[in-house]
Amino acid sequence: MKIILSRKGFDSENGGMPSPILPDATLLSLPIPRTMDVETKYTDIQYKGMSYYDLIHMLNPKTRIKENYTCHLDPDIRETVRERQLGWMPAFGQESRALSHLKNQNVGVGDLFLFFGWFKQTLNIDGKIVYDKDAPDLHVIYGYFQVGEIIDNPADIPAWLEKHPHAKAERWEKSNVIYVAAPHLSFCPELPGAGNFVFGEESLVLTKPGCSRSTWALPDFFRHIPISYNADAWKEDCFVAASKGQEFVFEANDEAIEWVKGLMKALPPKYEYKEMMEEEVVGVFRVEEQGEQVGYEHRVLTEKEYQDFLSGKALPGLEATFVLSDKEFEGAGKQTWKRDKQPIFYVDRIIKRPDASEIIDSVLHDFMVINAQERGAKTVRVKIDGNTDFAQSLLDGEMYGFVGATYFSEADAENFD
């Protein structure tokens, strides 16, 4: 397996300021400005409800980034920064000289990108995110990406990838590819094929303490591993990374693979939790049918998609919806619940199409718990209006309370398998 240390995000020439290490330990890489990438403005992408544009101006009021500026959202590995089409997967594009270098190094399916960039810690002062003036400028590994597929023909671009900056026609006028992440890591199959680290593990920090950010403190075993662009980088007690070049490629030995496994300790516990607005509408889609085998997927719906569903203009395959929130639904406070493990999430306004499959109830149950669990919930409480059979199916026959035609149930999200 080859490993690529891949330099990404704001730098001194593109953006002119470090990406923030947020007070919650999020390593939020800021995508560089790019005029040709008209599909994405800084105002279009957000973290916890704040647009990247607003965050950039909060960190640096003198920034040259203007409200109409567009950006190169690549690598695109943080799902929650914008609305996604059904089937979305993490993706990363490369072109021209950098792509030629990757090809010359025989980078392909199964190889691993470790994305690093210029970062600085921040503080929350009176609700405002500011750089910590006493914090050093660092090169930090913020994400990983194992190649699962390589798209090198524009005719092969799936619909969910059409908004990626490397999918546009102009990119294909010269050498260009899009890498799609593997579903799972080959060497840690319990983990997704791409993800974002959180700050805390010392091994994520490349910069040697007390030195400029390009002076690194790599483990000693790297002295015996050739790294592209960095033939003369090793000094007596440090590694001085090349100032130019995006992709530093090396062949992983056993020690390097163990080092990468150690980096995975910096992933959020169990899941990279999706950020939660006050409420989200989740759609459940039937995606395939072979004989008696039916497959389902789920994703958050846009407001328009939900209104279309309510008015009878359902998207293809959309069989059911439910509303997920971290706020109590009406009547929740009057029930006697058996579980109180925090955080608690709430599901109500469950709607099924009349022609939904016979297994939709059990599918809904699983997706309710999975969606809540992905957002950090330990307990899920559900309100079901006017459907006794459905209420029983959620609990295998056990209901915790009911009022008239409304039933209440809950599930253990923490131990859901």
# chains A, B, ... in the order shown; residues from 1 in each chain; ligands from 1

call {"tool": "closest_atom_pairs", "arguments": {"of": "region 112-165 of chain A", "to": "region 60-71 of chain A", "cutoff": "12 Å", "atoms": "only C-alpha atoms", "output": "JSON lines"}}
result
{"residue": "A:Thr122", "atom": "CA", "partner": "A:Asn60", "partner_atom": "CA", "distance": 11.8}
{"residue": "A:Lys128", "atom": "CA", "partner": "A:Asn60", "partner_atom": "CA", "distance": 11.6}
{"residue": "A:Ile129", "atom": "CA", "partner": "A:Asn60", "partner_atom": "CA", "distance": 10.0}
{"residue": "A:Val130", "atom": "CA", "partner": "A:Asn60", "partner_atom": "CA", "distance": 8.2}
{"residue": "A:Tyr131", "atom": "CA", "partner": "A:Asn60", "partner_atom": "CA", "distance": 8.7}
{"residue": "A:His164", "atom": "CA", "partner": "A:Cys71", "partner_atom": "CA", "distance": 11.2}
{"residue": "A:Pro165", "atom": "CA", "partner": "A:Cys71", "partner_atom": "CA", "distance": 9.1}

call {"tool": "closest_atom_pairs", "arguments": {"of": "region 124-238 of chain A", "to": "region 7-11 of chain A", "cutoff": "12 Å", "atoms": "only C-alpha atoms", "output": "Markdown table"}}
result
| residue | atom | partner | partner_atom | distance |
| --- | --- | --- | --- | --- |
| A:Asp137 | CA | A:Asp11 | CA | 11.2 |
| A:Leu138 | CA | A:Asp11 | CA | 11.4 |
| A:His139 | CA | A:Arg7 | CA | 9.2 |
| A:Val140 | CA | A:Arg7 | CA | 9.8 |
| A:Ile141 | CA | A:Arg7 | CA | 9.1 |
| A:Tyr142 | CA | A:Lys8 | CA | 9.6 |
| A:Gly143 | CA | A:Lys8 | CA | 10.2 |
| A:Tyr144 | CA | A:Lys8 | CA | 11.7 |
| A:Leu206 | CA | A:Arg7 | CA | 11.9 |
| A:Arg213 | CA | A:Asp11 | CA | 11.3 |
| A:Ser214 | CA | A:Arg7 | CA | 11.2 |

call {"tool": "closest_residue", "arguments": {"among": "A:Gly49, A:Arg34, A:Thr207, A:Val107", "to": "Val249 (chain A)", "atoms": "only C-alpha atoms"}}
result
A:Val107

call {"tool": "residues_around", "arguments": {"residues": "Ala231 (chain A)", "least_positions_apart": "4", "cutoff": "12 Å", "atoms": "only C-alpha atoms", "output": "VMD selection string"}}
result
chain A and resid 222 to 227 235 239 to 242 248 to 250

call {"tool": "residues_around", "arguments": {"residues": "Thr302 (chain A)", "least_positions_apart": "6", "cutoff": "10 Å", "atoms": "only C-alpha atoms", "output": "MDAnalysis selection string"}}
result
chainID A and resid 83:85 280:283 308

call {"tool": "write_last_selection", "arguments": {"atoms": "C-alpha atoms", "output": "PDB file, in the first residue's frame"}}
result
ATOM      1  CA  GLU A  83     -26.944  19.148   1.167  1.00  0.00           C
ATOM      2  CA  ARG A  84     -26.052  15.905  -0.596  1.00  0.00           C
ATOM      3  CA  GLN A  85     -27.610  13.869  -3.359  1.00  0.00           C
ATOM      4  CA  GLU A 280     -34.361  17.152  10.104  1.00  0.00           C
ATOM      5  CA  VAL A 281     -36.648  15.204   7.797  1.00  0.00           C
ATOM      6  CA  VAL A 282     -35.251  11.802   6.875  1.00  0.00           C
ATOM      7  CA  GLY A 283     -36.434   9.986   3.766  1.00  0.00           C
ATOM      8  CA  ASP A 308     -43.303  17.488  -2.684  1.00  0.00           C
TER       9      ASP A 308
END

call {"tool": "closest_residue", "arguments": {"among": "A:Asp132, A:Asp44, A:Glu39, A:Glu149", "to": "Ile21 (chain A)", "atoms": "only C-alpha atoms"}}
result
A:Asp132

call {"tool": "residues_around", "arguments": {"residues": "Asn196 (chain A)", "least_positions_apart": "4", "cutoff": "9 Å", "atoms": "only C-alpha atoms", "output": "PDB file with N, CA, C and O atoms, in the first residue's frame"}}
result
ATOM      1  N   THR A  26     -12.544  20.242  16.383  1.00  0.00           N
ATOM      2  CA  THR A  26     -12.708  19.981  14.957  1.00  0.00           C
ATOM      3  C   THR A  26     -11.562  20.595  14.165  1.00  0.00           C
ATOM      4  O   THR A  26     -11.217  21.759  14.362  1.00  0.00           O
ATOM      5  N   LEU A  27     -10.977  19.799  13.278  1.00  0.00           N
ATOM      6  CA  LEU A  27      -9.972  20.280  12.333  1.00  0.00           C
ATOM      7  C   LEU A  27     -10.700  20.640  11.050  1.00  0.00           C
ATOM      8  O   LEU A  27     -10.978  19.774  10.216  1.00  0.00           O
ATOM      9  N   LEU A  28     -11.048  21.911  10.901  1.00  0.00           N
ATOM     10  CA  LEU A  28     -11.897  22.341   9.790  1.00  0.00           C
ATOM     11  C   LEU A  28     -11.027  22.928   8.676  1.00  0.00           C
ATOM     12  O   LEU A  28     -10.681  24.106   8.688  1.00  0.00           O
ATOM     13  N   ILE A  77     -14.755  15.459   1.865  1.00  0.00           N
ATOM     14  CA  ILE A  77     -14.865  14.299   2.751  1.00  0.00           C
ATOM     15  C   ILE A  77     -15.710  14.567   3.993  1.00  0.00           C
ATOM     16  O   ILE A  77     -15.918  13.661   4.790  1.00  0.00           O
ATOM     17  N   ARG A  78     -16.211  15.800   4.148  1.00  0.00           N
ATOM     18  CA  ARG A  78     -17.054  16.104   5.314  1.00  0.00           C
ATOM     19  C   ARG A  78     -18.493  16.230   4.827  1.00  0.00           C
ATOM     20  O   ARG A  78     -18.898  17.250   4.259  1.00  0.00           O
ATOM     21  N   TYR A 142      -5.412  16.120   8.988  1.00  0.00           N
ATOM     22  CA  TYR A 142      -6.805  16.347   9.388  1.00  0.00           C
ATOM     23  C   TYR A 142      -7.781  15.311   8.846  1.00  0.00           C
ATOM     24  O   TYR A 142      -8.936  15.248   9.285  1.00  0.00           O
ATOM     25  N   GLY A 143      -7.360  14.502   7.879  1.00  0.00           N
ATOM     26  CA  GLY A 143      -8.299  13.536   7.316  1.00  0.00           C
ATOM     27  C   GLY A 143      -7.573  12.437   6.565  1.00  0.00           C
ATOM     28  O   GLY A 143      -6.361  12.510   6.315  1.00  0.00           O
ATOM     29  N   TYR A 144      -8.319  11.399   6.231  1.00  0.00           N
ATOM     30  CA  TYR A 144      -7.755  10.269   5.491  1.00  0.00           C
ATOM     31  C   TYR A 144      -8.731   9.836   4.407  1.00  0.00           C
ATOM     32  O   TYR A 144      -9.937  10.148   4.458  1.00  0.00           O
ATOM     33  N   ALA A 266      -7.669   9.156  16.584  1.00  0.00           N
ATOM     34  CA  ALA A 266      -8.134  10.546  16.587  1.00  0.00           C
ATOM     35  C   ALA A 266      -9.467  10.713  15.871  1.00  0.00           C
ATOM     36  O   ALA A 266      -9.917  11.832  15.652  1.00  0.00           O
ATOM     37  N   LEU A 267     -10.107   9.592  15.503  1.00  0.00           N
ATOM     38  CA  LEU A 267     -11.464   9.694  14.961  1.00  0.00           C
ATOM     39  C   LEU A 267     -12.449   9.877  16.094  1.00  0.00           C
ATOM     40  O   LEU A 267     -12.220   9.398  17.210  1.00  0.00           O
ATOM     41  N   PRO A 268     -13.582  10.561  15.851  1.00  0.00           N
ATOM     42  CA  PRO A 268     -14.610  10.667  16.889  1.00  0.00           C
ATOM     43  C   PRO A 268     -15.088   9.282  17.296  1.00  0.00           C
ATOM     44  O   PRO A 268     -15.038   8.342  16.498  1.00  0.00           O
ATOM     45  N   GLU A 272     -18.290   9.473  13.010  1.00  0.00           N
ATOM     46  CA  GLU A 272     -18.092  10.911  12.855  1.00  0.00           C
ATOM     47  C   GLU A 272     -19.493  11.492  12.898  1.00  0.00           C
ATOM     48  O   GLU A 272     -20.239  11.458  11.925  1.00  0.00           O
TER      49      GLU A 272
END
